[in-house]
file run.txt (compact mmCIF, C-alpha atoms)
# COMPACT_ATOMS: atom_id res chain seq x y z
CA LEU A 674 -192.96 6.11 -120.75
CA ASP A 675 -192.84 8.90 -118.17
CA ILE A 676 -193.54 12.61 -118.65
CA VAL A 677 -192.31 14.93 -115.90
CA GLU A 678 -192.75 18.69 -115.70
CA ASP A 679 -190.11 20.48 -113.62
CA LEU A 680 -191.63 23.77 -112.53
CA SER A 681 -188.37 25.05 -111.03
CA SER A 682 -186.47 24.76 -114.33
CA ASN A 683 -189.50 25.24 -116.64
CA THR A 684 -188.68 22.01 -118.44
CA THR A 685 -190.76 19.03 -119.54
CA THR A 686 -188.93 15.70 -119.82
CA ILE A 687 -190.17 12.57 -121.59
CA SER A 688 -188.40 9.29 -120.74
CA ILE A 689 -188.93 6.22 -122.91
CA ASP A 690 -187.40 2.81 -122.20
CA THR A 691 -185.51 1.61 -125.29
CA PRO A 692 -183.42 -1.35 -124.14
CA GLY A 693 -181.18 -2.84 -126.79
CA ILE A 694 -181.97 -0.15 -129.38
CA ARG A 695 -179.07 1.79 -130.85
CA LYS A 696 -179.15 5.56 -131.40
CA GLU A 697 -178.93 4.97 -135.16
CA ASP A 698 -182.18 2.97 -135.02
CA ILE A 699 -184.26 5.75 -133.41
CA ASP A 700 -185.96 8.54 -135.36
CA LEU A 701 -187.58 11.58 -133.71
CA SER A 702 -189.78 14.02 -135.62
CA ILE A 703 -192.46 16.64 -135.00
CA VAL A 704 -195.43 17.16 -137.31
CA ALA A 705 -198.46 19.24 -136.30
CA ASN A 706 -197.40 19.45 -132.61
CA THR A 707 -197.03 15.67 -132.41
CA LEU A 708 -193.72 14.09 -131.43
CA THR A 709 -193.22 10.78 -133.19
CA VAL A 710 -190.68 8.32 -131.82
CA LEU A 711 -189.90 5.56 -134.30
CA ALA A 712 -187.47 2.84 -133.25
CA LYS A 713 -186.33 -0.45 -134.73
CA ARG A 714 -184.86 -3.47 -132.98
CA GLU A 715 -183.50 -6.20 -135.18
CA ARG A 716 -183.31 -9.84 -134.18
CA ALA A 717 -179.83 -11.00 -133.27
CA ASN A 718 -178.33 -13.50 -135.67
CA THR A 719 -178.93 -16.85 -133.95
CA GLY A 720 -178.95 -18.92 -137.10
CA SER A 721 -175.35 -20.05 -136.96
CA SER A 722 -174.67 -23.75 -137.18
CA GLY A 723 -175.10 -25.71 -133.99
CA ARG A 724 -177.25 -23.03 -132.31
CA GLN A 725 -180.98 -23.14 -131.80
CA VAL A 726 -183.27 -20.66 -130.04
CA VAL A 727 -184.96 -22.44 -127.15
CA ARG A 728 -186.97 -19.50 -125.83
CA GLU A 729 -187.45 -16.00 -127.20
CA GLU A 730 -189.23 -13.27 -125.23
CA LYS A 731 -187.71 -10.10 -126.64
CA ALA A 732 -189.81 -7.98 -128.96
CA TYR A 733 -188.36 -7.21 -132.38
CA GLY A 734 -189.43 -5.00 -135.23
CA VAL A 735 -190.55 -1.40 -135.53
CA PHE A 736 -192.00 0.49 -132.58
CA GLU A 737 -193.82 3.80 -132.86
CA ARG A 738 -195.11 6.18 -130.22
CA LYS A 739 -196.87 9.51 -130.87
CA LEU A 740 -197.15 12.17 -128.19
CA ALA A 741 -199.03 15.47 -128.35
CA LEU A 742 -196.82 18.46 -127.58
CA PRO A 743 -197.98 21.90 -126.46
CA ALA A 744 -198.74 24.32 -129.29
CA GLY A 745 -195.68 26.23 -130.40
CA THR A 746 -193.09 23.60 -129.46
CA GLN A 747 -190.29 23.77 -132.03
CA VAL A 748 -187.86 21.03 -133.08
CA ARG A 749 -184.98 23.34 -132.23
CA ASP A 750 -186.27 23.47 -128.62
CA LEU A 751 -186.02 19.69 -128.11
CA LYS A 752 -182.98 17.98 -126.66
CA ALA A 753 -182.69 14.20 -126.95
CA HIS A 754 -180.28 11.88 -125.15
CA LEU A 755 -179.92 8.09 -125.13
CA ALA A 756 -178.16 6.44 -122.19
CA ASN A 757 -178.46 3.05 -120.50
CA GLY A 758 -181.46 2.03 -122.60
CA VAL A 759 -183.51 5.15 -121.83
CA LEU A 760 -184.31 7.82 -124.42
CA THR A 761 -184.83 11.22 -122.77
CA VAL A 762 -186.43 14.08 -124.69
CA SER A 763 -186.74 17.45 -122.98
CA TYR A 764 -188.03 20.84 -124.01
CA PRO A 765 -188.59 24.18 -122.27
CA ARG A 766 -192.03 25.11 -121.00
CA THR A 767 -192.91 28.59 -122.14
CA SER A 768 -195.52 30.85 -120.64
CA GLU A 769 -198.04 29.57 -123.18
CA HIS A 770 -197.44 26.03 -121.89
CA ALA A 771 -197.73 26.93 -118.22
CA PRO A 772 -201.08 26.53 -116.49
CA GLU A 773 -202.94 29.75 -115.73
CA LYS A 774 -205.06 30.43 -112.68
CA VAL A 775 -208.71 31.19 -113.29
CA ALA A 776 -210.38 33.63 -110.92
CA ILE A 777 -213.62 32.47 -109.34
CA SER A 778 -216.27 35.07 -108.64
CA SER A 779 -218.98 34.79 -106.03
CA ASP A 780 -222.43 36.35 -105.67

call {"tool": "encode", "arguments": {"input": "run.txt", "output": "structure tokens"}}
result
Amino acid sequence: LDIVEDLSSNTTTISIDTPGIRKEDIDLSIVANTLTVLAKRERANTGSSGRQVVREEKAYGVFERKLALPAGTQVRDLKAHLANGVLTVSYPRTSEHAPEKVAISSD
């Protein structure tokens, strides 16, 4: 998982590796400023006659990741794209998301 803030375009992008997971098996939702990514990878059918799994290292089942989003982020602001096994979710940074400078006083 990578999170990148692009200050020139005011966009935050989250990239999540999802190899072998189809778009139909990924669910994105936001509840209480938390982005939930729920994905499911099913085991390939290897039970046909004459075939036996010798070694299995792939992970199967349901995967869930929760990420805190800045206050005020709306579902309509998110854009999601799946390509080459990477799920990319991006949203605009608004002025309330941008860091603010704090003035320092001296004696």

call {"tool": "atom_distance", "arguments": {"input": "run.txt", "atom1": "atom CA of Arg766 of chain A", "atom2": "atom CA of Val677 of chain A"}}
result
11.4 Å

call {"tool": "closest_residue", "arguments": {"input": "run.txt", "among": "A:Leu680, A:Val727, A:Leu760, A:Leu711", "to": "Lys739 of chain A", "atoms": "only C-alpha atoms"}}
result
A:Leu711

call {"tool": "residues_near_point", "arguments": {"input": "run.txt", "point": "(-194.2, 21.8, -127.4)", "cutoff": "10 Å", "atoms": "all atoms listed in the file", "output": "MDAnalysis selection string"}}
result
chainID A and resid 685 703 706:708 741:748 750:751 763:767 769:770

call {"tool": "atom_distance", "arguments": {"input": "run.txt", "atom1": "atom CA of Lys713 of chain A", "atom2": "atom CA of Val735 of chain A"}}
result
4.4 Å

call {"tool": "residues_around", "arguments": {"input": "run.txt", "residues": "Tyr733 of chain A", "least_positions_apart": "4", "cutoff": "8 Å", "atoms": "only C-alpha atoms", "output": "list in words"}}
result
Lys713, Arg714, Glu715 and Arg716 of chain A

call {"tool": "closest_residue", "arguments": {"input": "run.txt", "among": "A:Glu729, A:Glu678, A:Ala717, A:His754", "to": "Leu701 of chain A", "atoms": "all atoms listed in the file"}}
result
A:His754

call {"tool": "residues_around", "arguments": {"input": "run.txt", "residues": "Ile687 of chain A", "least_positions_apart": "5", "cutoff": "8 Å", "atoms": "only C-alpha atoms", "output": "list in words"}}
result
Leu674, Asp675, Ile676, Val677, Thr761, Val762 and Ser763 of chain A

call {"tool": "atom_distance", "arguments": {"input": "run.txt", "atom1": "atom CA of Ala712 of chain A", "atom2": "atom CA of Gly734 of chain A"}}
result
8.3 Å

call {"tool": "residues_near_point", "arguments": {"input": "run.txt", "point": "(-183.5, 3.7, -127.3)", "cutoff": "9 Å", "atoms": "all atoms listed in the file", "output": "PyMOL selection string"}}
result
chain A and resi 689-696+698-699+712-713+755-761

call {"tool": "decode", "arguments": {"input": "run.txt", "residues": "segment 729-776 of chain A", "atoms": "N, CA and C atoms", "output": "PDB file, in the first residue's frame"}}
result
ATOM      1  N   GLU A 729       1.586 -24.601  -2.728  1.00  0.00           N
ATOM      2  CA  GLU A 729       0.630 -23.500  -2.831  1.00  0.00           C
ATOM      3  C   GLU A 729       1.092 -22.362  -1.921  1.00  0.00           C
ATOM      4  N   GLU A 730       1.408 -21.214  -2.531  1.00  0.00           N
ATOM      5  CA  GLU A 730       1.890 -20.070  -1.765  1.00  0.00           C
ATOM      6  C   GLU A 730       0.976 -18.860  -1.878  1.00  0.00           C
ATOM      7  N   LYS A 731       0.010 -18.895  -2.744  1.00  0.00           N
ATOM      8  CA  LYS A 731      -0.901 -17.770  -2.908  1.00  0.00           C
ATOM      9  C   LYS A 731      -1.854 -17.708  -1.718  1.00  0.00           C
ATOM     10  N   ALA A 732      -2.211 -16.491  -1.354  1.00  0.00           N
ATOM     11  CA  ALA A 732      -3.189 -16.300  -0.285  1.00  0.00           C
ATOM     12  C   ALA A 732      -4.584 -16.230  -0.894  1.00  0.00           C
ATOM     13  N   TYR A 733      -5.528 -16.882  -0.240  1.00  0.00           N
ATOM     14  CA  TYR A 733      -6.906 -16.896  -0.709  1.00  0.00           C
ATOM     15  C   TYR A 733      -7.810 -16.460   0.427  1.00  0.00           C
ATOM     16  N   GLY A 734      -8.999 -16.034   0.065  1.00  0.00           N
ATOM     17  CA  GLY A 734      -9.975 -15.653   1.072  1.00  0.00           C
ATOM     18  C   GLY A 734     -10.333 -14.189   0.961  1.00  0.00           C
ATOM     19  N   VAL A 735     -10.782 -13.627   2.084  1.00  0.00           N
ATOM     20  CA  VAL A 735     -11.230 -12.244   2.134  1.00  0.00           C
ATOM     21  C   VAL A 735     -10.136 -11.387   2.769  1.00  0.00           C
ATOM     22  N   PHE A 736      -9.866 -10.257   2.140  1.00  0.00           N
ATOM     23  CA  PHE A 736      -8.879  -9.312   2.629  1.00  0.00           C
ATOM     24  C   PHE A 736      -9.578  -7.998   2.924  1.00  0.00           C
ATOM     25  N   GLU A 737      -9.220  -7.363   4.023  1.00  0.00           N
ATOM     26  CA  GLU A 737      -9.836  -6.084   4.368  1.00  0.00           C
ATOM     27  C   GLU A 737      -8.763  -5.113   4.827  1.00  0.00           C
ATOM     28  N   ARG A 738      -8.881  -3.873   4.364  1.00  0.00           N
ATOM     29  CA  ARG A 738      -7.968  -2.817   4.780  1.00  0.00           C
ATOM     30  C   ARG A 738      -8.795  -1.576   5.058  1.00  0.00           C
ATOM     31  N   LYS A 739      -8.564  -0.931   6.203  1.00  0.00           N
ATOM     32  CA  LYS A 739      -9.278   0.294   6.560  1.00  0.00           C
ATOM     33  C   LYS A 739      -8.270   1.431   6.644  1.00  0.00           C
ATOM     34  N   LEU A 740      -8.623   2.549   6.012  1.00  0.00           N
ATOM     35  CA  LEU A 740      -7.747   3.713   5.983  1.00  0.00           C
ATOM     36  C   LEU A 740      -8.518   4.962   6.395  1.00  0.00           C
ATOM     37  N   ALA A 741      -7.953   5.726   7.317  1.00  0.00           N
ATOM     38  CA  ALA A 741      -8.575   6.978   7.741  1.00  0.00           C
ATOM     39  C   ALA A 741      -8.436   8.010   6.629  1.00  0.00           C
ATOM     40  N   LEU A 742      -9.531   8.687   6.328  1.00  0.00           N
ATOM     41  CA  LEU A 742      -9.521   9.755   5.331  1.00  0.00           C
ATOM     42  C   LEU A 742      -9.687  11.095   6.045  1.00  0.00           C
ATOM     43  N   PRO A 743      -9.243  12.169   5.416  1.00  0.00           N
ATOM     44  CA  PRO A 743      -9.436  13.486   6.026  1.00  0.00           C
ATOM     45  C   PRO A 743     -10.925  13.787   6.211  1.00  0.00           C
ATOM     46  N   ALA A 744     -11.244  14.524   7.248  1.00  0.00           N
ATOM     47  CA  ALA A 744     -12.639  14.901   7.503  1.00  0.00           C
ATOM     48  C   ALA A 744     -13.216  15.599   6.276  1.00  0.00           C
ATOM     49  N   GLY A 745     -14.437  15.280   5.958  1.00  0.00           N
ATOM     50  CA  GLY A 745     -15.114  15.930   4.839  1.00  0.00           C
ATOM     51  C   GLY A 745     -14.953  15.230   3.506  1.00  0.00           C
ATOM     52  N   THR A 746     -14.157  14.171   3.424  1.00  0.00           N
ATOM     53  CA  THR A 746     -14.005  13.454   2.161  1.00  0.00           C
ATOM     54  C   THR A 746     -15.320  12.752   1.829  1.00  0.00           C
ATOM     55  N   GLN A 747     -15.815  12.968   0.644  1.00  0.00           N
ATOM     56  CA  GLN A 747     -17.093  12.405   0.218  1.00  0.00           C
ATOM     57  C   GLN A 747     -16.873  11.268  -0.780  1.00  0.00           C
ATOM     58  N   VAL A 748     -17.780  10.302  -0.796  1.00  0.00           N
ATOM     59  CA  VAL A 748     -17.699   9.192  -1.739  1.00  0.00           C
ATOM     60  C   VAL A 748     -17.672   9.718  -3.169  1.00  0.00           C
ATOM     61  N   ARG A 749     -18.452  10.733  -3.430  1.00  0.00           N
ATOM     62  CA  ARG A 749     -18.503  11.269  -4.799  1.00  0.00           C
ATOM     63  C   ARG A 749     -17.164  11.863  -5.242  1.00  0.00           C
ATOM     64  N   ASP A 750     -16.284  12.189  -4.280  1.00  0.00           N
ATOM     65  CA  ASP A 750     -14.981  12.757  -4.609  1.00  0.00           C
ATOM     66  C   ASP A 750     -13.953  11.689  -4.997  1.00  0.00           C
ATOM     67  N   LEU A 751     -14.209  10.435  -4.637  1.00  0.00           N
ATOM     68  CA  LEU A 751     -13.244   9.362  -4.891  1.00  0.00           C
ATOM     69  C   LEU A 751     -13.344   8.843  -6.314  1.00  0.00           C
ATOM     70  N   LYS A 752     -12.182   8.532  -6.866  1.00  0.00           N
ATOM     71  CA  LYS A 752     -12.120   7.863  -8.169  1.00  0.00           C
ATOM     72  C   LYS A 752     -11.301   6.604  -7.959  1.00  0.00           C
ATOM     73  N   ALA A 753     -11.805   5.470  -8.430  1.00  0.00           N
ATOM     74  CA  ALA A 753     -11.109   4.195  -8.268  1.00  0.00           C
ATOM     75  C   ALA A 753     -10.868   3.576  -9.636  1.00  0.00           C
ATOM     76  N   HIS A 754      -9.684   2.945  -9.765  1.00  0.00           N
ATOM     77  CA  HIS A 754      -9.303   2.328 -11.032  1.00  0.00           C
ATOM     78  C   HIS A 754      -8.477   1.078 -10.728  1.00  0.00           C
ATOM     79  N   LEU A 755      -8.773  -0.001 -11.440  1.00  0.00           N
ATOM     80  CA  LEU A 755      -8.030  -1.250 -11.281  1.00  0.00           C
ATOM     81  C   LEU A 755      -7.343  -1.579 -12.597  1.00  0.00           C
ATOM     82  N   ALA A 756      -6.012  -1.690 -12.563  1.00  0.00           N
ATOM     83  CA  ALA A 756      -5.257  -2.036 -13.769  1.00  0.00           C
ATOM     84  C   ALA A 756      -3.985  -2.761 -13.365  1.00  0.00           C
ATOM     85  N   ASN A 757      -3.697  -3.845 -14.078  1.00  0.00           N
ATOM     86  CA  ASN A 757      -2.454  -4.603 -13.875  1.00  0.00           C
ATOM     87  C   ASN A 757      -2.243  -5.021 -12.421  1.00  0.00           C
ATOM     88  N   GLY A 758      -3.324  -5.385 -11.740  1.00  0.00           N
ATOM     89  CA  GLY A 758      -3.205  -5.879 -10.374  1.00  0.00           C
ATOM     90  C   GLY A 758      -2.986  -4.805  -9.323  1.00  0.00           C
ATOM     91  N   VAL A 759      -3.225  -3.536  -9.679  1.00  0.00           N
ATOM     92  CA  VAL A 759      -3.086  -2.448  -8.716  1.00  0.00           C
ATOM     93  C   VAL A 759      -4.388  -1.644  -8.678  1.00  0.00           C
ATOM     94  N   LEU A 760      -4.969  -1.537  -7.476  1.00  0.00           N
ATOM     95  CA  LEU A 760      -6.155  -0.712  -7.274  1.00  0.00           C
ATOM     96  C   LEU A 760      -5.680   0.677  -6.875  1.00  0.00           C
ATOM     97  N   THR A 761      -6.121   1.689  -7.619  1.00  0.00           N
ATOM     98  CA  THR A 761      -5.745   3.073  -7.340  1.00  0.00           C
ATOM     99  C   THR A 761      -6.993   3.846  -6.962  1.00  0.00           C
ATOM    100  N   VAL A 762      -6.960   4.482  -5.800  1.00  0.00           N
ATOM    101  CA  VAL A 762      -8.064   5.310  -5.332  1.00  0.00           C
ATOM    102  C   VAL A 762      -7.507   6.713  -5.137  1.00  0.00           C
ATOM    103  N   SER A 763      -8.138   7.699  -5.762  1.00  0.00           N
ATOM    104  CA  SER A 763      -7.651   9.068  -5.612  1.00  0.00           C
ATOM    105  C   SER A 763      -8.804   9.987  -5.237  1.00  0.00           C
ATOM    106  N   TYR A 764      -8.448  11.059  -4.559  1.00  0.00           N
ATOM    107  CA  TYR A 764      -9.442  12.057  -4.177  1.00  0.00           C
ATOM    108  C   TYR A 764      -8.756  13.415  -4.068  1.00  0.00           C
ATOM    109  N   PRO A 765      -9.519  14.490  -4.288  1.00  0.00           N
ATOM    110  CA  PRO A 765      -8.920  15.824  -4.227  1.00  0.00           C
ATOM    111  C   PRO A 765      -8.633  16.237  -2.787  1.00  0.00           C
ATOM    112  N   ARG A 766      -7.529  16.939  -2.621  1.00  0.00           N
ATOM    113  CA  ARG A 766      -7.216  17.550  -1.329  1.00  0.00           C
ATOM    114  C   ARG A 766      -7.875  18.918  -1.334  1.00  0.00           C
ATOM    115  N   THR A 767      -8.645  19.210  -0.344  1.00  0.00           N
ATOM    116  CA  THR A 767      -9.248  20.537  -0.245  1.00  0.00           C
ATOM    117  C   THR A 767      -8.433  21.365   0.728  1.00  0.00           C
ATOM    118  N   SER A 768      -8.790  22.606   0.862  1.00  0.00           N
ATOM    119  CA  SER A 768      -8.029  23.481   1.759  1.00  0.00           C
ATOM    120  C   SER A 768      -8.072  22.971   3.197  1.00  0.00           C
ATOM    121  N   GLU A 769      -9.160  22.277   3.574  1.00  0.00           N
ATOM    122  CA  GLU A 769      -9.202  21.752   4.940  1.00  0.00           C
ATOM    123  C   GLU A 769      -8.279  20.547   5.117  1.00  0.00           C
ATOM    124  N   HIS A 770      -7.866  19.919   4.004  1.00  0.00           N
ATOM    125  CA  HIS A 770      -6.937  18.798   4.082  1.00  0.00           C
ATOM    126  C   HIS A 770      -5.481  19.261   4.041  1.00  0.00           C
ATOM    127  N   ALA A 771      -5.258  20.433   3.478  1.00  0.00           N
ATOM    128  CA  ALA A 771      -3.889  20.904   3.281  1.00  0.00           C
ATOM    129  C   ALA A 771      -3.264  21.341   4.616  1.00  0.00           C
ATOM    130  N   PRO A 772      -1.980  21.094   4.769  1.00  0.00           N
ATOM    131  CA  PRO A 772      -1.324  21.526   6.001  1.00  0.00           C
ATOM    132  C   PRO A 772      -1.264  23.054   6.072  1.00  0.00           C
ATOM    133  N   GLU A 773      -1.377  23.563   7.279  1.00  0.00           N
ATOM    134  CA  GLU A 773      -1.303  25.016   7.483  1.00  0.00           C
ATOM    135  C   GLU A 773      -0.052  25.350   8.250  1.00  0.00           C
ATOM    136  N   LYS A 774       0.550  26.472   7.907  1.00  0.00           N
ATOM    137  CA  LYS A 774       1.741  26.940   8.613  1.00  0.00           C
ATOM    138  C   LYS A 774       1.320  27.555   9.950  1.00  0.00           C
ATOM    139  N   VAL A 775       2.120  27.336  10.959  1.00  0.00           N
ATOM    140  CA  VAL A 775       1.878  27.907  12.265  1.00  0.00           C
ATOM    141  C   VAL A 775       2.988  28.920  12.542  1.00  0.00           C
ATOM    142  N   ALA A 776       2.594  30.141  12.841  1.00  0.00           N
ATOM    143  CA  ALA A 776       3.575  31.182  13.122  1.00  0.00           C
ATOM    144  C   ALA A 776       4.210  30.946  14.479  1.00  0.00           C
TER     145      ALA A 776
END
